[in-house]
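Right, one structure below, let's go through it.
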Amino acid sequence: MTDDPKQLIKRYYDVFNRQDTEGLLSLLGSEVIHQPSQGTTRMGISAFREFLVHMNRSYRETVIDPVIMVSSDGSRAAVEFMLEGQYLVTDDGLPEAKGQTYSLRVGAFFEIVAGKIVRVSNHYNLADWIRQVEAG
């Protein structure tokens with residue numbers, strides 16, 4: 001594990017892009033808080049694991065060109081990136097999946113304690129995503 005918060009966040013997205021669930025979870029604190037753009041806040045590794053398994057089944061996503069900014073004390077990070085994806089399996093309450101592709105600008109915010117990510121907050125435009133998959 002690295003003490004460099006920028007390298008920690010870079011590694012988070014490297015393992016995300018490989019759909020390496022256990023590798024990603026190893027970067028998180030045991031009481032991690034996941035705050036998605038839409039939906040309910042998840043608490044803890046188990047809830048985050050369930051989320052990742054679901055996402056890896058329903059979507060194939062790749063983070064492109066993440067720009068990582070870290071606070072001077074290393075306790076917070078913000079990232080902006082493009083997310084390119086393919087919608088594989090229909091998600092409850094969303095349009096039918098037919099292998100549609102999409103591209104979204106995403107903002108993410110992290111809290112870091114003792115070299116582990118303890119909070120992840122993701123923000124993206126769901127209406128834009130729906131428009132793209134309905135057009136696809």
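Each chain of the structure tokens is named A, B, ... in the order shown, its residues numbered from 1; ligands are numbered from 1 in display order.
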
Exercise for review: Name all residues at most 9 Å from Ala97 of chain A (count only C-alpha atoms; drop same-chain ones fewer than 6 positions away) and give them as JSON, numbers by chain.
Suggested key: {"A": [58, 86, 87, 88, 89, 90, 91, 133]}

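Residues with any atom within 12 Å of Gly23 of chain A, counting only C-alpha atoms and excluding same-chain neighbours fewer than 2 positions away, are Met1, Leu8, Arg11, Tyr12, Tyr13, Asp14, Val15, Phe16, Asn17, Arg18, Gln19, Asp20, Thr21, Leu25, Ser26, Leu27, Leu28, Arg49 and Leu52 of chain A.
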
Just C-alpha atoms for this one: save the residues we selected as a PDB file, in the first residue's frame.
```pdb
ATOM      1  CA  MET A   1       0.000   0.000   0.000  1.00  0.00           C
ATOM      2  CA  LEU A   8      -3.935   5.310  -4.203  1.00  0.00           C
ATOM      3  CA  ARG A  11      -4.599   2.381  -8.373  1.00  0.00           C
ATOM      4  CA  TYR A  12      -8.348   2.468  -7.527  1.00  0.00           C
ATOM      5  CA  TYR A  13      -9.151   3.305 -11.155  1.00  0.00           C
ATOM      6  CA  ASP A  14      -6.585   0.848 -12.531  1.00  0.00           C
ATOM      7  CA  VAL A  15      -8.257  -2.039 -10.681  1.00  0.00           C
ATOM      8  CA  PHE A  16     -11.729  -0.647 -11.520  1.00  0.00           C
ATOM      9  CA  ASN A  17     -10.842  -0.793 -15.225  1.00  0.00           C
ATOM     10  CA  ARG A  18      -9.799  -4.452 -14.819  1.00  0.00           C
ATOM     11  CA  GLN A  19     -13.063  -5.238 -12.969  1.00  0.00           C
ATOM     12  CA  ASP A  20     -10.871  -6.560 -10.148  1.00  0.00           C
ATOM     13  CA  THR A  21     -13.389  -6.540  -7.294  1.00  0.00           C
ATOM     14  CA  LEU A  25     -11.902  -3.634  -2.089  1.00  0.00           C
ATOM     15  CA  SER A  26      -8.356  -3.985  -0.721  1.00  0.00           C
ATOM     16  CA  LEU A  27      -7.959  -0.211  -1.143  1.00  0.00           C
ATOM     17  CA  LEU A  28     -10.963   0.605   1.050  1.00  0.00           C
ATOM     18  CA  ARG A  49     -18.739  -5.691  -2.821  1.00  0.00           C
ATOM     19  CA  LEU A  52     -19.352  -4.012  -7.609  1.00  0.00           C
TER      20      LEU A  52
END
```

Check your understanding: Tell me, which residues of chain A carry DSSP helix (DSSP H, G or I), written as number ranges by chain?
Key -> A: 5-17, 21-25, 45-58, 126-135

Dump of N, CA and C atoms for the selected residues, as a CSV table (one decimal), in the first residue's frame:
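Okay, this is what ended up in part16.csv:
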```
chain,number,residue,atom,x,y,z
A,5,PRO,N,-1.6,9.6,-1.7
A,5,PRO,CA,-3.0,9.6,-2.0
A,5,PRO,C,-3.3,9.6,-3.5
A,6,LYS,N,-2.5,10.3,-4.3
A,6,LYS,CA,-2.7,10.4,-5.7
A,6,LYS,C,-2.5,9.0,-6.3
A,7,GLN,N,-1.4,8.3,-5.8
A,7,GLN,CA,-1.2,6.9,-6.3
A,7,GLN,C,-2.3,5.9,-5.9
A,8,LEU,N,-2.8,6.1,-4.7
A,8,LEU,CA,-3.9,5.3,-4.2
A,8,LEU,C,-5.1,5.4,-5.1
A,9,ILE,N,-5.5,6.7,-5.5
A,9,ILE,CA,-6.6,6.9,-6.4
A,9,ILE,C,-6.3,6.4,-7.8
A,10,LYS,N,-5.1,6.6,-8.3
A,10,LYS,CA,-4.8,6.0,-9.6
A,10,LYS,C,-4.9,4.5,-9.5
A,11,ARG,N,-4.5,3.8,-8.5
A,11,ARG,CA,-4.6,2.4,-8.4
A,11,ARG,C,-6.1,2.0,-8.3
A,12,TYR,N,-6.9,2.7,-7.6
A,12,TYR,CA,-8.3,2.5,-7.5
A,12,TYR,C,-8.9,2.4,-8.9
A,13,TYR,N,-8.6,3.3,-9.8
A,13,TYR,CA,-9.2,3.3,-11.2
A,13,TYR,C,-8.5,2.2,-12.0
A,14,ASP,N,-7.2,1.9,-11.8
A,14,ASP,CA,-6.6,0.8,-12.5
A,14,ASP,C,-7.3,-0.5,-12.3
A,15,VAL,N,-7.6,-0.8,-11.0
A,15,VAL,CA,-8.3,-2.0,-10.7
A,15,VAL,C,-9.7,-2.0,-11.1
A,16,PHE,N,-10.4,-0.8,-11.0
A,16,PHE,CA,-11.7,-0.6,-11.5
A,16,PHE,C,-11.8,-1.0,-13.0
A,17,ASN,N,-10.8,-0.5,-13.8
A,17,ASN,CA,-10.8,-0.8,-15.2
A,17,ASN,C,-10.6,-2.3,-15.5
A,21,THR,N,-12.6,-6.9,-8.5
A,21,THR,CA,-13.4,-6.5,-7.3
A,21,THR,C,-12.5,-6.6,-6.0
A,22,GLU,N,-11.8,-7.7,-5.8
A,22,GLU,CA,-11.1,-7.9,-4.6
A,22,GLU,C,-9.9,-6.9,-4.5
A,23,GLY,N,-9.3,-6.6,-5.7
A,23,GLY,CA,-8.2,-5.6,-5.7
A,23,GLY,C,-8.7,-4.2,-5.3
A,24,LEU,N,-9.9,-3.9,-5.8
A,24,LEU,CA,-10.5,-2.6,-5.5
A,24,LEU,C,-10.9,-2.5,-4.0
A,25,LEU,N,-11.5,-3.6,-3.5
A,25,LEU,CA,-11.9,-3.6,-2.1
A,25,LEU,C,-10.7,-3.5,-1.1
A,45,ILE,N,-17.7,-2.7,3.6
A,45,ILE,CA,-17.1,-3.5,2.5
A,45,ILE,C,-18.1,-4.4,1.8
A,46,SER,N,-18.9,-5.1,2.6
A,46,SER,CA,-19.8,-6.0,2.1
A,46,SER,C,-20.8,-5.4,1.1
A,47,ALA,N,-21.3,-4.2,1.5
A,47,ALA,CA,-22.3,-3.5,0.6
A,47,ALA,C,-21.6,-3.0,-0.6
A,48,PHE,N,-20.3,-2.6,-0.5
A,48,PHE,CA,-19.6,-2.1,-1.7
A,48,PHE,C,-19.3,-3.3,-2.6
A,49,ARG,N,-19.0,-4.5,-2.0
A,49,ARG,CA,-18.7,-5.7,-2.8
A,49,ARG,C,-20.0,-6.0,-3.6
A,50,GLU,N,-21.2,-6.0,-3.0
A,50,GLU,CA,-22.4,-6.3,-3.7
A,50,GLU,C,-22.6,-5.4,-4.8
A,51,PHE,N,-22.4,-4.1,-4.6
A,51,PHE,CA,-22.5,-3.1,-5.6
A,51,PHE,C,-21.6,-3.4,-6.8
A,52,LEU,N,-20.3,-3.7,-6.5
A,52,LEU,CA,-19.4,-4.0,-7.6
A,52,LEU,C,-19.7,-5.3,-8.4
A,53,VAL,N,-20.2,-6.3,-7.7
A,53,VAL,CA,-20.6,-7.5,-8.4
A,53,VAL,C,-21.8,-7.2,-9.4
A,54,HIS,N,-22.7,-6.4,-8.9
A,54,HIS,CA,-23.9,-6.0,-9.7
A,54,HIS,C,-23.4,-5.2,-10.9
A,55,MET,N,-22.6,-4.2,-10.6
A,55,MET,CA,-22.1,-3.4,-11.7
A,55,MET,C,-21.3,-4.2,-12.8
A,56,ASN,N,-20.5,-5.1,-12.3
A,56,ASN,CA,-19.7,-5.8,-13.3
A,56,ASN,C,-20.5,-6.8,-14.1
A,57,ARG,N,-21.7,-7.2,-13.6
A,57,ARG,CA,-22.6,-8.0,-14.3
A,57,ARG,C,-23.4,-7.2,-15.4
A,58,SER,N,-23.8,-6.0,-15.0
A,58,SER,CA,-24.7,-5.2,-15.8
A,58,SER,C,-24.0,-4.3,-16.7
A,126,LEU,N,-27.5,11.2,-14.9
A,126,LEU,CA,-28.3,10.1,-15.3
A,126,LEU,C,-29.2,10.3,-16.5
A,127,ALA,N,-29.7,11.5,-16.6
A,127,ALA,CA,-30.6,11.8,-17.7
A,127,ALA,C,-29.9,11.7,-19.0
A,128,ASP,N,-28.6,12.1,-19.1
A,128,ASP,CA,-27.8,11.9,-20.3
A,128,ASP,C,-27.5,10.5,-20.6
A,129,TRP,N,-27.2,9.7,-19.5
A,129,TRP,CA,-27.0,8.3,-19.7
A,129,TRP,C,-28.3,7.6,-20.3
A,130,ILE,N,-29.4,7.9,-19.7
A,130,ILE,CA,-30.7,7.3,-20.2
A,130,ILE,C,-30.9,7.7,-21.7
A,131,ARG,N,-30.7,9.0,-22.0
A,131,ARG,CA,-30.8,9.4,-23.4
A,131,ARG,C,-29.9,8.6,-24.3
A,132,GLN,N,-28.7,8.4,-23.9
A,132,GLN,CA,-27.7,7.7,-24.8
A,132,GLN,C,-28.2,6.2,-24.9
A,133,VAL,N,-28.6,5.5,-23.9
A,133,VAL,CA,-28.9,4.1,-24.0
A,133,VAL,C,-30.3,3.9,-24.8
A,134,GLU,N,-31.2,4.9,-24.6
A,134,GLU,CA,-32.4,4.8,-25.4
A,134,GLU,C,-32.2,5.1,-26.8
A,135,ALA,N,-31.2,5.9,-27.2
A,135,ALA,CA,-30.9,6.2,-28.6
A,135,ALA,C,-30.1,5.0,-29.2
```

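You will find atom CA of Tyr59 of chain A at 23.3 Å from atom CA of Ala78 of chain A.
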
Practice item. Check the smallest atom-to-atom distance from each of A:Ile68, A:Gly44, A:Ser30, A:Leu94 to Ala114 of chain A using only C-alpha atoms, then report the winner. Key: A:Ser30

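Considering only C-alpha atoms, the residue among A:Asn122, A:Ser103, A:Thr62, A:Ser71 positioned nearest to His34 of chain A is A:Asn122.
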